[in-house]
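Structure file input.pdb; described as PDB, C-alpha atoms.
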```pdb
ATOM      1  CA  ILE A  19       0.000   0.000   0.000  1.00  0.00           C
ATOM      2  CA  GLU A  20       2.869   2.370   0.775  1.00  0.00           C
ATOM      3  CA  GLY A  21       4.262   1.851  -2.741  1.00  0.00           C
ATOM      4  CA  VAL A  22       0.907   2.707  -4.302  1.00  0.00           C
ATOM      5  CA  GLU A  23       0.629   5.848  -2.186  1.00  0.00           C
ATOM      6  CA  ARG A  24       4.164   6.861  -3.140  1.00  0.00           C
ATOM      7  CA  GLN A  25       3.339   6.363  -6.827  1.00  0.00           C
ATOM      8  CA  ARG A  26       0.143   8.416  -6.489  1.00  0.00           C
ATOM      9  CA  LYS A  27       2.049  11.257  -4.805  1.00  0.00           C
ATOM     10  CA  ALA A  28       4.746  11.151  -7.490  1.00  0.00           C
ATOM     11  CA  LYS A  29       2.121  11.193 -10.229  1.00  0.00           C
ATOM     12  CA  PHE A  30       0.401  14.138  -8.598  1.00  0.00           C
ATOM     13  CA  ALA A  31       3.725  15.989  -8.265  1.00  0.00           C
ATOM     14  CA  ASP A  32       4.419  15.434 -11.977  1.00  0.00           C
ATOM     15  CA  PHE A  33       1.036  16.706 -13.129  1.00  0.00           C
ATOM     16  CA  ASP A  34       1.117  19.552 -10.626  1.00  0.00           C
ATOM     17  CA  ALA A  35       4.509  20.658 -11.935  1.00  0.00           C
ATOM     18  CA  ALA A  36       3.340  20.364 -15.551  1.00  0.00           C
ATOM     19  CA  ALA A  37       0.187  22.414 -14.863  1.00  0.00           C
ATOM     20  CA  LYS A  38       2.172  25.089 -13.007  1.00  0.00           C
ATOM     21  CA  ALA A  39       4.816  25.240 -15.744  1.00  0.00           C
ATOM     22  CA  ASP A  40       2.194  25.542 -18.485  1.00  0.00           C
ATOM     23  CA  PRO A  41      -1.281  26.622 -17.325  1.00  0.00           C
ATOM     24  CA  THR A  42      -2.529  25.972 -20.878  1.00  0.00           C
ATOM     25  CA  ASN A  43      -1.619  22.271 -20.718  1.00  0.00           C
ATOM     26  CA  PHE A  44      -5.079  20.719 -20.999  1.00  0.00           C
ATOM     27  CA  ASP A  45      -3.902  17.165 -20.273  1.00  0.00           C
ATOM     28  CA  ALA A  46      -2.012  18.194 -17.139  1.00  0.00           C
ATOM     29  CA  LEU A  47      -4.984  20.176 -15.813  1.00  0.00           C
ATOM     30  CA  GLN A  48      -7.388  17.343 -16.464  1.00  0.00           C
ATOM     31  CA  ALA A  49      -5.091  14.719 -14.930  1.00  0.00           C
ATOM     32  CA  ARG A  50      -4.426  16.870 -11.877  1.00  0.00           C
ATOM     33  CA  ALA A  51      -8.179  17.421 -11.489  1.00  0.00           C
ATOM     34  CA  ILE A  52      -8.755  13.667 -11.438  1.00  0.00           C
ATOM     35  CA  LEU A  53      -6.079  13.255  -8.797  1.00  0.00           C
ATOM     36  CA  TYR A  54      -7.630  16.080  -6.756  1.00  0.00           C
ATOM     37  CA  LEU A  55     -10.949  14.243  -6.972  1.00  0.00           C
ATOM     38  CA  GLU A  56      -9.331  11.058  -5.696  1.00  0.00           C
ATOM     39  CA  LYS A  57      -8.012  13.061  -2.741  1.00  0.00           C
ATOM     40  CA  GLY A  58     -11.464  14.539  -2.091  1.00  0.00           C
ATOM     41  CA  GLU A  59     -10.320  18.055  -2.962  1.00  0.00           C
ATOM     42  CA  ASN A  60     -13.364  18.925  -5.048  1.00  0.00           C
ATOM     43  CA  GLU A  61     -12.879  22.696  -5.103  1.00  0.00           C
ATOM     44  CA  LYS A  62      -9.349  22.364  -6.509  1.00  0.00           C
ATOM     45  CA  ALA A  63     -10.604  19.780  -9.016  1.00  0.00           C
ATOM     46  CA  THR A  64     -13.341  22.204 -10.044  1.00  0.00           C
ATOM     47  CA  ALA A  65     -10.848  24.990 -10.652  1.00  0.00           C
ATOM     48  CA  ASP A  66      -8.681  22.743 -12.830  1.00  0.00           C
ATOM     49  CA  LEU A  67     -11.649  21.404 -14.785  1.00  0.00           C
ATOM     50  CA  LYS A  68     -13.003  24.897 -15.370  1.00  0.00           C
ATOM     51  CA  ALA A  69      -9.597  25.953 -16.662  1.00  0.00           C
ATOM     52  CA  ALA A  70      -9.447  22.866 -18.899  1.00  0.00           C
ATOM     53  CA  VAL A  71     -12.932  23.561 -20.265  1.00  0.00           C
ATOM     54  CA  GLU A  72     -11.916  27.143 -21.033  1.00  0.00           C
ATOM     55  CA  LEU A  73      -9.001  25.771 -23.069  1.00  0.00           C
ATOM     56  CA  GLN A  74     -11.162  23.288 -24.986  1.00  0.00           C
ATOM     57  CA  LYS A  75     -14.742  24.526 -24.969  1.00  0.00           C
ATOM     58  CA  ASP A  76     -15.801  21.758 -27.369  1.00  0.00           C
ATOM     59  CA  ASN A  77     -14.447  18.892 -25.252  1.00  0.00           C
ATOM     60  CA  HIS A  78     -17.613  17.162 -24.078  1.00  0.00           C
ATOM     61  CA  ARG A  79     -15.730  14.759 -21.797  1.00  0.00           C
ATOM     62  CA  ALA A  80     -14.139  17.619 -19.870  1.00  0.00           C
ATOM     63  CA  LEU A  81     -17.569  19.264 -19.586  1.00  0.00           C
ATOM     64  CA  GLY A  82     -18.962  15.952 -18.369  1.00  0.00           C
ATOM     65  CA  ALA A  83     -16.264  15.658 -15.709  1.00  0.00           C
ATOM     66  CA  LEU A  84     -17.041  19.187 -14.560  1.00  0.00           C
ATOM     67  CA  ALA A  85     -20.768  18.361 -14.472  1.00  0.00           C
ATOM     68  CA  GLU A  86     -19.976  15.323 -12.317  1.00  0.00           C
ATOM     69  CA  VAL A  87     -17.994  17.449  -9.867  1.00  0.00           C
ATOM     70  CA  MET A  88     -20.757  20.079  -9.725  1.00  0.00           C
ATOM     71  CA  THR A  89     -23.223  17.284  -8.990  1.00  0.00           C
ATOM     72  CA  ASN A  90     -21.028  15.963  -6.191  1.00  0.00           C
ATOM     73  CA  LEU A  91     -20.844  19.495  -4.790  1.00  0.00           C
ATOM     74  CA  LYS A  92     -24.672  19.674  -4.957  1.00  0.00           C
ATOM     75  CA  LYS A  93     -24.569  22.553  -7.424  1.00  0.00           C
ATOM     76  CA  TYR A  94     -27.360  20.957  -9.419  1.00  0.00           C
ATOM     77  CA  ASP A  95     -28.444  23.911 -11.555  1.00  0.00           C
ATOM     78  CA  GLU A  96     -24.888  24.452 -12.758  1.00  0.00           C
ATOM     79  CA  ALA A  97     -24.522  20.711 -13.336  1.00  0.00           C
ATOM     80  CA  LEU A  98     -27.726  20.623 -15.418  1.00  0.00           C
ATOM     81  CA  LYS A  99     -26.479  23.436 -17.629  1.00  0.00           C
ATOM     82  CA  LEU A 100     -23.202  21.600 -18.160  1.00  0.00           C
ATOM     83  CA  CYS A 101     -25.087  18.378 -18.975  1.00  0.00           C
ATOM     84  CA  ASP A 102     -27.115  20.277 -21.579  1.00  0.00           C
ATOM     85  CA  ASP A 103     -23.835  21.521 -23.073  1.00  0.00           C
ATOM     86  CA  VAL A 104     -22.462  17.964 -23.167  1.00  0.00           C
ATOM     87  CA  ILE A 105     -25.584  16.808 -25.022  1.00  0.00           C
ATOM     88  CA  LYS A 106     -25.309  19.672 -27.517  1.00  0.00           C
ATOM     89  CA  LEU A 107     -21.665  18.841 -28.220  1.00  0.00           C
ATOM     90  CA  ALA A 108     -22.140  15.052 -28.354  1.00  0.00           C
ATOM     91  CA  PRO A 109     -25.820  14.290 -29.064  1.00  0.00           C
ATOM     92  CA  LYS A 110     -25.051  10.752 -30.231  1.00  0.00           C
ATOM     93  CA  GLU A 111     -23.300   9.737 -26.989  1.00  0.00           C
ATOM     94  CA  THR A 112     -24.939   8.600 -23.768  1.00  0.00           C
ATOM     95  CA  LEU A 113     -22.673  10.562 -21.401  1.00  0.00           C
ATOM     96  CA  GLY A 114     -24.730  13.768 -21.207  1.00  0.00           C
ATOM     97  CA  TYR A 115     -28.037  11.938 -20.816  1.00  0.00           C
ATOM     98  CA  ASN A 116     -26.672   9.691 -18.058  1.00  0.00           C
ATOM     99  CA  LEU A 117     -25.236  12.631 -16.162  1.00  0.00           C
ATOM    100  CA  ARG A 118     -28.390  14.709 -16.575  1.00  0.00           C
ATOM    101  CA  ALA A 119     -30.559  11.787 -15.433  1.00  0.00           C
ATOM    102  CA  ARG A 120     -28.541  11.541 -12.228  1.00  0.00           C
ATOM    103  CA  VAL A 121     -28.860  15.275 -11.553  1.00  0.00           C
ATOM    104  CA  LYS A 122     -32.605  15.225 -12.246  1.00  0.00           C
ATOM    105  CA  VAL A 123     -33.104  12.366  -9.799  1.00  0.00           C
ATOM    106  CA  LEU A 124     -31.132  14.258  -7.162  1.00  0.00           C
ATOM    107  CA  LYS A 125     -33.497  17.187  -7.793  1.00  0.00           C
ATOM    108  CA  ASP A 126     -36.480  14.824  -7.225  1.00  0.00           C
ATOM    109  CA  ASP A 127     -37.393  14.617 -10.923  1.00  0.00           C
ATOM    110  CA  LEU A 128     -37.736  10.846 -11.266  1.00  0.00           C
ATOM    111  CA  LYS A 129     -39.695  10.981 -14.523  1.00  0.00           C
ATOM    112  CA  GLY A 130     -37.191  13.409 -16.066  1.00  0.00           C
ATOM    113  CA  GLY A 131     -34.388  11.029 -15.121  1.00  0.00           C
ATOM    114  CA  ILE A 132     -36.199   8.125 -16.777  1.00  0.00           C
ATOM    115  CA  GLU A 133     -36.777  10.202 -19.916  1.00  0.00           C
ATOM    116  CA  ASP A 134     -33.064  11.004 -20.174  1.00  0.00           C
ATOM    117  CA  LEU A 135     -32.159   7.343 -19.738  1.00  0.00           C
ATOM    118  CA  ASN A 136     -34.682   6.445 -22.429  1.00  0.00           C
ATOM    119  CA  GLU A 137     -32.798   8.832 -24.734  1.00  0.00           C
ATOM    120  CA  ALA A 138     -29.454   7.313 -23.756  1.00  0.00           C
ATOM    121  CA  LEU A 139     -30.765   3.830 -24.507  1.00  0.00           C
ATOM    122  CA  LYS A 140     -32.080   4.961 -27.906  1.00  0.00           C
ATOM    123  CA  ILE A 141     -28.494   5.930 -28.688  1.00  0.00           C
ATOM    124  CA  ASP A 142     -26.961   2.746 -27.255  1.00  0.00           C
ATOM    125  CA  GLY A 143     -29.316   0.001 -26.173  1.00  0.00           C
ATOM    126  CA  THR A 144     -26.367  -1.939 -24.757  1.00  0.00           C
ATOM    127  CA  ASP A 145     -25.266   0.731 -22.268  1.00  0.00           C
ATOM    128  CA  VAL A 146     -25.275  -1.313 -19.062  1.00  0.00           C
ATOM    129  CA  ALA A 147     -24.943   1.741 -16.798  1.00  0.00           C
ATOM    130  CA  SER A 148     -28.051   3.297 -18.372  1.00  0.00           C
ATOM    131  CA  LEU A 149     -29.978   0.036 -18.114  1.00  0.00           C
ATOM    132  CA  LEU A 150     -29.140  -0.371 -14.437  1.00  0.00           C
ATOM    133  CA  MET A 151     -29.881   3.230 -13.549  1.00  0.00           C
ATOM    134  CA  ARG A 152     -33.187   3.105 -15.415  1.00  0.00           C
ATOM    135  CA  SER A 153     -34.023  -0.205 -13.739  1.00  0.00           C
ATOM    136  CA  GLY A 154     -33.656   1.390 -10.326  1.00  0.00           C
ATOM    137  CA  LEU A 155     -35.721   4.401 -11.334  1.00  0.00           C
ATOM    138  CA  LEU A 156     -38.455   2.262 -12.866  1.00  0.00           C
ATOM    139  CA  ALA A 157     -38.618   0.207  -9.664  1.00  0.00           C
ATOM    140  CA  ALA A 158     -38.936   3.423  -7.646  1.00  0.00           C
ATOM    141  CA  ASP A 159     -41.668   4.567 -10.061  1.00  0.00           C
ATOM    142  CA  GLY A 160     -43.718   1.425  -9.401  1.00  0.00           C
ATOM    143  CA  LYS A 161     -42.872  -0.373 -12.657  1.00  0.00           C
ATOM    144  CA  PRO A 162     -41.248  -3.615 -11.459  1.00  0.00           C
ATOM    145  CA  ASP A 163     -41.744  -5.548 -14.708  1.00  0.00           C
ATOM    146  CA  GLU A 164     -39.981  -2.879 -16.771  1.00  0.00           C
ATOM    147  CA  ALA A 165     -37.266  -2.634 -14.116  1.00  0.00           C
ATOM    148  CA  LYS A 166     -36.752  -6.404 -14.244  1.00  0.00           C
ATOM    149  CA  ALA A 167     -36.535  -6.359 -18.055  1.00  0.00           C
ATOM    150  CA  ASP A 168     -33.751  -3.760 -17.896  1.00  0.00           C
ATOM    151  CA  VAL A 169     -31.729  -5.648 -15.299  1.00  0.00           C
ATOM    152  CA  GLU A 170     -32.129  -8.933 -17.181  1.00  0.00           C
ATOM    153  CA  LYS A 171     -30.888  -7.281 -20.381  1.00  0.00           C
ATOM    154  CA  ALA A 172     -27.936  -5.827 -18.473  1.00  0.00           C
ATOM    155  CA  LEU A 173     -27.112  -9.289 -17.121  1.00  0.00           C
ATOM    156  CA  ARG A 174     -27.278 -10.814 -20.607  1.00  0.00           C
ATOM    157  CA  LEU A 175     -24.830  -8.176 -21.805  1.00  0.00           C
ATOM    158  CA  ARG A 176     -22.511  -8.305 -18.761  1.00  0.00           C
ATOM    159  CA  PRO A 177     -23.248 -11.198 -16.397  1.00  0.00           C
ATOM    160  CA  ASP A 178     -20.243 -10.274 -14.251  1.00  0.00           C
ATOM    161  CA  VAL A 179     -21.443  -6.836 -13.099  1.00  0.00           C
ATOM    162  CA  PRO A 180     -22.148  -6.981  -9.336  1.00  0.00           C
ATOM    163  CA  GLN A 181     -24.549  -4.004  -9.472  1.00  0.00           C
ATOM    164  CA  ALA A 182     -26.750  -5.908 -11.930  1.00  0.00           C
ATOM    165  CA  ILE A 183     -26.849  -8.981  -9.695  1.00  0.00           C
ATOM    166  CA  LEU A 184     -27.691  -6.841  -6.674  1.00  0.00           C
ATOM    167  CA  MET A 185     -30.413  -5.011  -8.606  1.00  0.00           C
ATOM    168  CA  LYS A 186     -31.942  -8.318  -9.654  1.00  0.00           C
ATOM    169  CA  ALA A 187     -31.921  -9.505  -6.031  1.00  0.00           C
ATOM    170  CA  ARG A 188     -33.415  -6.205  -4.853  1.00  0.00           C
ATOM    171  CA  LEU A 189     -36.245  -6.454  -7.367  1.00  0.00           C
ATOM    172  CA  ALA A 190     -36.960 -10.042  -6.297  1.00  0.00           C
ATOM    173  CA  ALA A 191     -37.019  -8.994  -2.632  1.00  0.00           C
ATOM    174  CA  GLN A 192     -39.384  -6.104  -3.413  1.00  0.00           C
ATOM    175  CA  ALA A 193     -41.717  -8.655  -5.015  1.00  0.00           C
ATOM    176  CA  ASN A 194     -41.497 -10.812  -1.849  1.00  0.00           C
ATOM    177  CA  ARG A 195     -39.550 -13.503  -3.746  1.00  0.00           C
ATOM    178  CA  PHE A 196     -36.969 -13.806  -0.992  1.00  0.00           C
ATOM    179  CA  GLY A 197     -35.678 -17.243  -1.996  1.00  0.00           C
ATOM    180  CA  GLU A 198     -34.912 -15.908  -5.472  1.00  0.00           C
ATOM    181  CA  ALA A 199     -33.260 -12.813  -3.990  1.00  0.00           C
ATOM    182  CA  ILE A 200     -31.063 -14.938  -1.735  1.00  0.00           C
ATOM    183  CA  GLY A 201     -30.193 -17.205  -4.656  1.00  0.00           C
ATOM    184  CA  ASP A 202     -29.165 -14.217  -6.751  1.00  0.00           C
ATOM    185  CA  ILE A 203     -26.855 -12.936  -4.056  1.00  0.00           C
TER
END
```
Mind turning this structure into structure tokens?
Amino acid sequence: IEGVERQRKAKFADFDAAAKADPTNFDALQARAILYLEKGENEKATADLKAAVELQKDNHRALGALAEVMTNLKKYDEALKLCDDVIKLAPKETLGYNLRARVKVLKDDLKGGIEDLNEALKIDGTDVASLLMRSGLLAADGKPDEAKADVEKALRLRPDVPQAILMKARLAAQANRFGEAIGDI
């Protein structure tokens, strides 16, 4: 563990030095932001991501990372705007819809979250993250059969994903099929 920590500190020092030497180095800013996030230093990560986004305004992944940080900081309105920007820049990718669905759910807009996941799954019907998120939302919305269909599709695509197995067990337990839920776990 000490070796891993030493490597992480060395990596951070390298990216920190690169970002300080050249504040226009997009890759260094983005990498340092990720390392700040790992350390739980969200405000510093936000500053780096905002600087990176300023350098590459059309980089939807950087915007998505910033939206994720804003969500974690509970700055939902700012996060929603960033998600909209991600969708405008990359309308044929699921990233913006997935992020926006998460923010909408955190703002108590369950139906809006489901709608965004529906859009994501129109783009890529094999997106396991979207299927699992929508499954949970459908279950919360009182649609257990639709929720089960999503989790079963996710399991067909990726039978090794623990979240899918847990979701399947949760749905079985909610339907009072406890033996099935225990078997799934």
Skipping near chain neighbours, those fewer than 6 positions away, what residues fall within 12 Å of region 38-40 of chain A using all atoms listed in the file, listed as an MDAnalysis selection string? chainID A and resid 30:32 46:47 50 66 69:70
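Proximity ranking of A:Leu156, A:Ile183, A:Ala119, A:Leu149 relative to Asp168 (chain A) places A:Leu149 first, based on only C-alpha atoms.
Between CA of Thr64 (chain A) and CA of Val22 (chain A) there is a distance of 24.8 Å.
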Check which residues satisfy the PyMOL selection byres ((chain A and resi 105-107) around 12) in the file shown, then give them as a PDB file with C-alpha atoms, in the coordinates of the input.
```pdb
ATOM      1  CA  GLN A  74     -11.162  23.288 -24.986  1.00  0.00           C
ATOM      2  CA  LYS A  75     -14.742  24.526 -24.969  1.00  0.00           C
ATOM      3  CA  ASP A  76     -15.801  21.758 -27.369  1.00  0.00           C
ATOM      4  CA  ASN A  77     -14.447  18.892 -25.252  1.00  0.00           C
ATOM      5  CA  HIS A  78     -17.613  17.162 -24.078  1.00  0.00           C
ATOM      6  CA  ARG A  79     -15.730  14.759 -21.797  1.00  0.00           C
ATOM      7  CA  ALA A  80     -14.139  17.619 -19.870  1.00  0.00           C
ATOM      8  CA  LEU A  81     -17.569  19.264 -19.586  1.00  0.00           C
ATOM      9  CA  GLY A  82     -18.962  15.952 -18.369  1.00  0.00           C
ATOM     10  CA  ALA A  85     -20.768  18.361 -14.472  1.00  0.00           C
ATOM     11  CA  LEU A  98     -27.726  20.623 -15.418  1.00  0.00           C
ATOM     12  CA  LYS A  99     -26.479  23.436 -17.629  1.00  0.00           C
ATOM     13  CA  LEU A 100     -23.202  21.600 -18.160  1.00  0.00           C
ATOM     14  CA  CYS A 101     -25.087  18.378 -18.975  1.00  0.00           C
ATOM     15  CA  ASP A 102     -27.115  20.277 -21.579  1.00  0.00           C
ATOM     16  CA  ASP A 103     -23.835  21.521 -23.073  1.00  0.00           C
ATOM     17  CA  VAL A 104     -22.462  17.964 -23.167  1.00  0.00           C
ATOM     18  CA  ALA A 108     -22.140  15.052 -28.354  1.00  0.00           C
ATOM     19  CA  PRO A 109     -25.820  14.290 -29.064  1.00  0.00           C
ATOM     20  CA  LYS A 110     -25.051  10.752 -30.231  1.00  0.00           C
ATOM     21  CA  GLU A 111     -23.300   9.737 -26.989  1.00  0.00           C
ATOM     22  CA  THR A 112     -24.939   8.600 -23.768  1.00  0.00           C
ATOM     23  CA  LEU A 113     -22.673  10.562 -21.401  1.00  0.00           C
ATOM     24  CA  GLY A 114     -24.730  13.768 -21.207  1.00  0.00           C
ATOM     25  CA  TYR A 115     -28.037  11.938 -20.816  1.00  0.00           C
ATOM     26  CA  ASN A 116     -26.672   9.691 -18.058  1.00  0.00           C
ATOM     27  CA  LEU A 117     -25.236  12.631 -16.162  1.00  0.00           C
ATOM     28  CA  ARG A 118     -28.390  14.709 -16.575  1.00  0.00           C
ATOM     29  CA  ALA A 119     -30.559  11.787 -15.433  1.00  0.00           C
ATOM     30  CA  ASP A 134     -33.064  11.004 -20.174  1.00  0.00           C
ATOM     31  CA  GLU A 137     -32.798   8.832 -24.734  1.00  0.00           C
ATOM     32  CA  ALA A 138     -29.454   7.313 -23.756  1.00  0.00           C
ATOM     33  CA  ILE A 141     -28.494   5.930 -28.688  1.00  0.00           C
TER      34      ILE A 141
END
```
Excluding same-chain residues fewer than 5 positions from Ile52 (chain A), what lies within 9 Å of it counting all atoms listed in the file, as a PyMOL selection string? chain A and resi 47+57+63+67+83
Using only the atoms of region 58-68 of chain A listed in the file, plus 8 Å on each side, state the axis-aligned box centre and edge lengths in Å rounded to one decimal, as lines of an AutoDock Vina configuration file.
```
center_x = -11.0
center_y = 19.8
center_z = -8.7
size_x = 20.7
size_y = 26.5
size_z = 29.3
```
Separation of CA of Lys140 (chain A) from CA of Pro177 (chain A) in Å: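 These two atoms are separated by 21.7 Å.
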Can you list, as a ChimeraX atom specification, every protein, DNA or RNA residue that comes within 12 Å of Gly160 (chain A) when you count all atoms listed in the file, leaving out same-chain residues fewer than 3 positions away? /A:128-129,153-157,163-166,189,192-193
Need the shell around Asp178 (chain A): protein/DNA/RNA residues with any atom at most 12 Å away, counting only C-alpha atoms. Skip same-chain ones fewer than 6 positions apart. Format as a ChimeraX atom specification? /A:146,172,184
Give me, please, the distance in Å between CA of Arg188 (chain A) and CA of Ala158 (chain A), quoted to one decimal.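 If I compute the distance from CA of Arg188 (chain A) to CA of Ala158 (chain A), I get 11.4 Å.
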Considering all atoms listed in the file, can you say which of A:Leu55, A:Ala191, A:Ala37, A:Ala49 comes closest to Leu91 (chain A)?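 Checking each candidate against Leu91 (chain A), we get A:Leu55 as the closest.
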Long-range neighbours of Ala97 (chain A) as number ranges by chain, 8 Å cut-off, all atoms listed in the file, 5 positions minimum in chain: A: 84-86, 88-89, 118, 121
A:Leu73, A:Ala190, A:Ala182, A:Ile203: which is nearest Pro41 (chain A), counting only C-alpha atoms? A:Leu73
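Each of A:Asp159, A:Val87, A:Ala147, A:Tyr94 was compared to Ile132 (chain A) using all atoms listed in the file, and A:Asp159 turns out to be the nearest.
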Which one of A:Glu61, A:Asp95, A:Glu133, A:Glu198 sits closest to Ser148 (chain A) if you count only C-alpha atoms?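 Closest candidate: A:Glu133.
Nearest residue to Arg26 (chain A) among A:Lys161, A:Ala187, A:Tyr54, A:Val71 is A:Tyr54, counting only C-alpha atoms.
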With N, CA, C and O atoms as the target, complete region 60-80 of chain A and hand it back as a short mmCIF file (atom, residue, chain, number, x, y, z; two decimals), keeping the file's coordinate frame.
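Below you can see rebuild34.cif, which holds the result:
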```
data_model
loop_
_atom_site.label_atom_id
_atom_site.label_comp_id
_atom_site.auth_asym_id
_atom_site.auth_seq_id
_atom_site.Cartn_x
_atom_site.Cartn_y
_atom_site.Cartn_z
N ASN A 60 -12.44 18.60 -3.96
CA ASN A 60 -13.36 18.92 -5.05
C ASN A 60 -13.24 20.36 -5.55
O ASN A 60 -13.38 20.61 -6.75
N GLU A 61 -12.99 21.29 -4.67
CA GLU A 61 -12.88 22.70 -5.10
C GLU A 61 -11.67 22.89 -6.01
O GLU A 61 -11.75 23.59 -7.03
N LYS A 62 -10.54 22.26 -5.67
CA LYS A 62 -9.35 22.36 -6.51
C LYS A 62 -9.58 21.65 -7.85
O LYS A 62 -9.15 22.12 -8.90
N ALA A 63 -10.28 20.51 -7.78
CA ALA A 63 -10.60 19.78 -9.02
C ALA A 63 -11.49 20.64 -9.90
O ALA A 63 -11.30 20.70 -11.12
N THR A 64 -12.44 21.33 -9.29
CA THR A 64 -13.34 22.20 -10.04
C THR A 64 -12.56 23.30 -10.76
O THR A 64 -12.80 23.58 -11.94
N ALA A 65 -11.64 23.91 -10.04
CA ALA A 65 -10.85 24.99 -10.65
C ALA A 65 -10.06 24.47 -11.85
O ALA A 65 -10.03 25.12 -12.92
N ASP A 66 -9.45 23.31 -11.71
CA ASP A 66 -8.68 22.74 -12.83
C ASP A 66 -9.59 22.37 -14.00
O ASP A 66 -9.25 22.62 -15.16
N LEU A 67 -10.74 21.79 -13.70
CA LEU A 67 -11.65 21.40 -14.78
C LEU A 67 -12.22 22.63 -15.49
O LEU A 67 -12.36 22.62 -16.71
N LYS A 68 -12.52 23.67 -14.74
CA LYS A 68 -13.00 24.90 -15.37
C LYS A 68 -11.93 25.49 -16.28
O LYS A 68 -12.23 25.94 -17.38
N ALA A 69 -10.70 25.45 -15.83
CA ALA A 69 -9.60 25.95 -16.66
C ALA A 69 -9.43 25.09 -17.91
O ALA A 69 -9.23 25.60 -19.01
N ALA A 70 -9.56 23.78 -17.75
CA ALA A 70 -9.45 22.87 -18.90
C ALA A 70 -10.58 23.11 -19.89
O ALA A 70 -10.35 23.15 -21.11
N VAL A 71 -11.78 23.30 -19.40
CA VAL A 71 -12.93 23.56 -20.26
C VAL A 71 -12.75 24.87 -21.02
O VAL A 71 -13.10 24.98 -22.19
N GLU A 72 -12.19 25.87 -20.36
CA GLU A 72 -11.92 27.14 -21.03
C GLU A 72 -10.94 26.95 -22.19
O GLU A 72 -11.05 27.62 -23.21
N LEU A 73 -9.99 26.03 -22.02
CA LEU A 73 -9.00 25.77 -23.07
C LEU A 73 -9.61 25.02 -24.25
O LEU A 73 -9.22 25.22 -25.39
N GLN A 74 -10.53 24.11 -23.94
CA GLN A 74 -11.16 23.29 -24.99
C GLN A 74 -12.67 23.29 -24.76
O GLN A 74 -13.23 22.33 -24.23
N LYS A 75 -13.30 24.36 -25.19
CA LYS A 75 -14.74 24.53 -24.97
C LYS A 75 -15.59 23.45 -25.64
O LYS A 75 -16.73 23.23 -25.27
N ASP A 76 -15.04 22.78 -26.65
CA ASP A 76 -15.80 21.76 -27.37
C ASP A 76 -15.48 20.34 -26.90
O ASP A 76 -15.89 19.37 -27.51
N ASN A 77 -14.80 20.21 -25.78
CA ASN A 77 -14.45 18.89 -25.25
C ASN A 77 -15.57 18.42 -24.32
O ASN A 77 -15.63 18.82 -23.15
N HIS A 78 -16.44 17.58 -24.85
CA HIS A 78 -17.61 17.16 -24.08
C HIS A 78 -17.24 16.30 -22.87
O HIS A 78 -17.94 16.30 -21.88
N ARG A 79 -16.14 15.59 -22.94
CA ARG A 79 -15.73 14.76 -21.80
C ARG A 79 -15.27 15.63 -20.62
O ARG A 79 -15.57 15.33 -19.46
N ALA A 80 -14.55 16.70 -20.93
CA ALA A 80 -14.14 17.62 -19.87
C ALA A 80 -15.36 18.30 -19.25
O ALA A 80 -15.45 18.44 -18.03
#
```
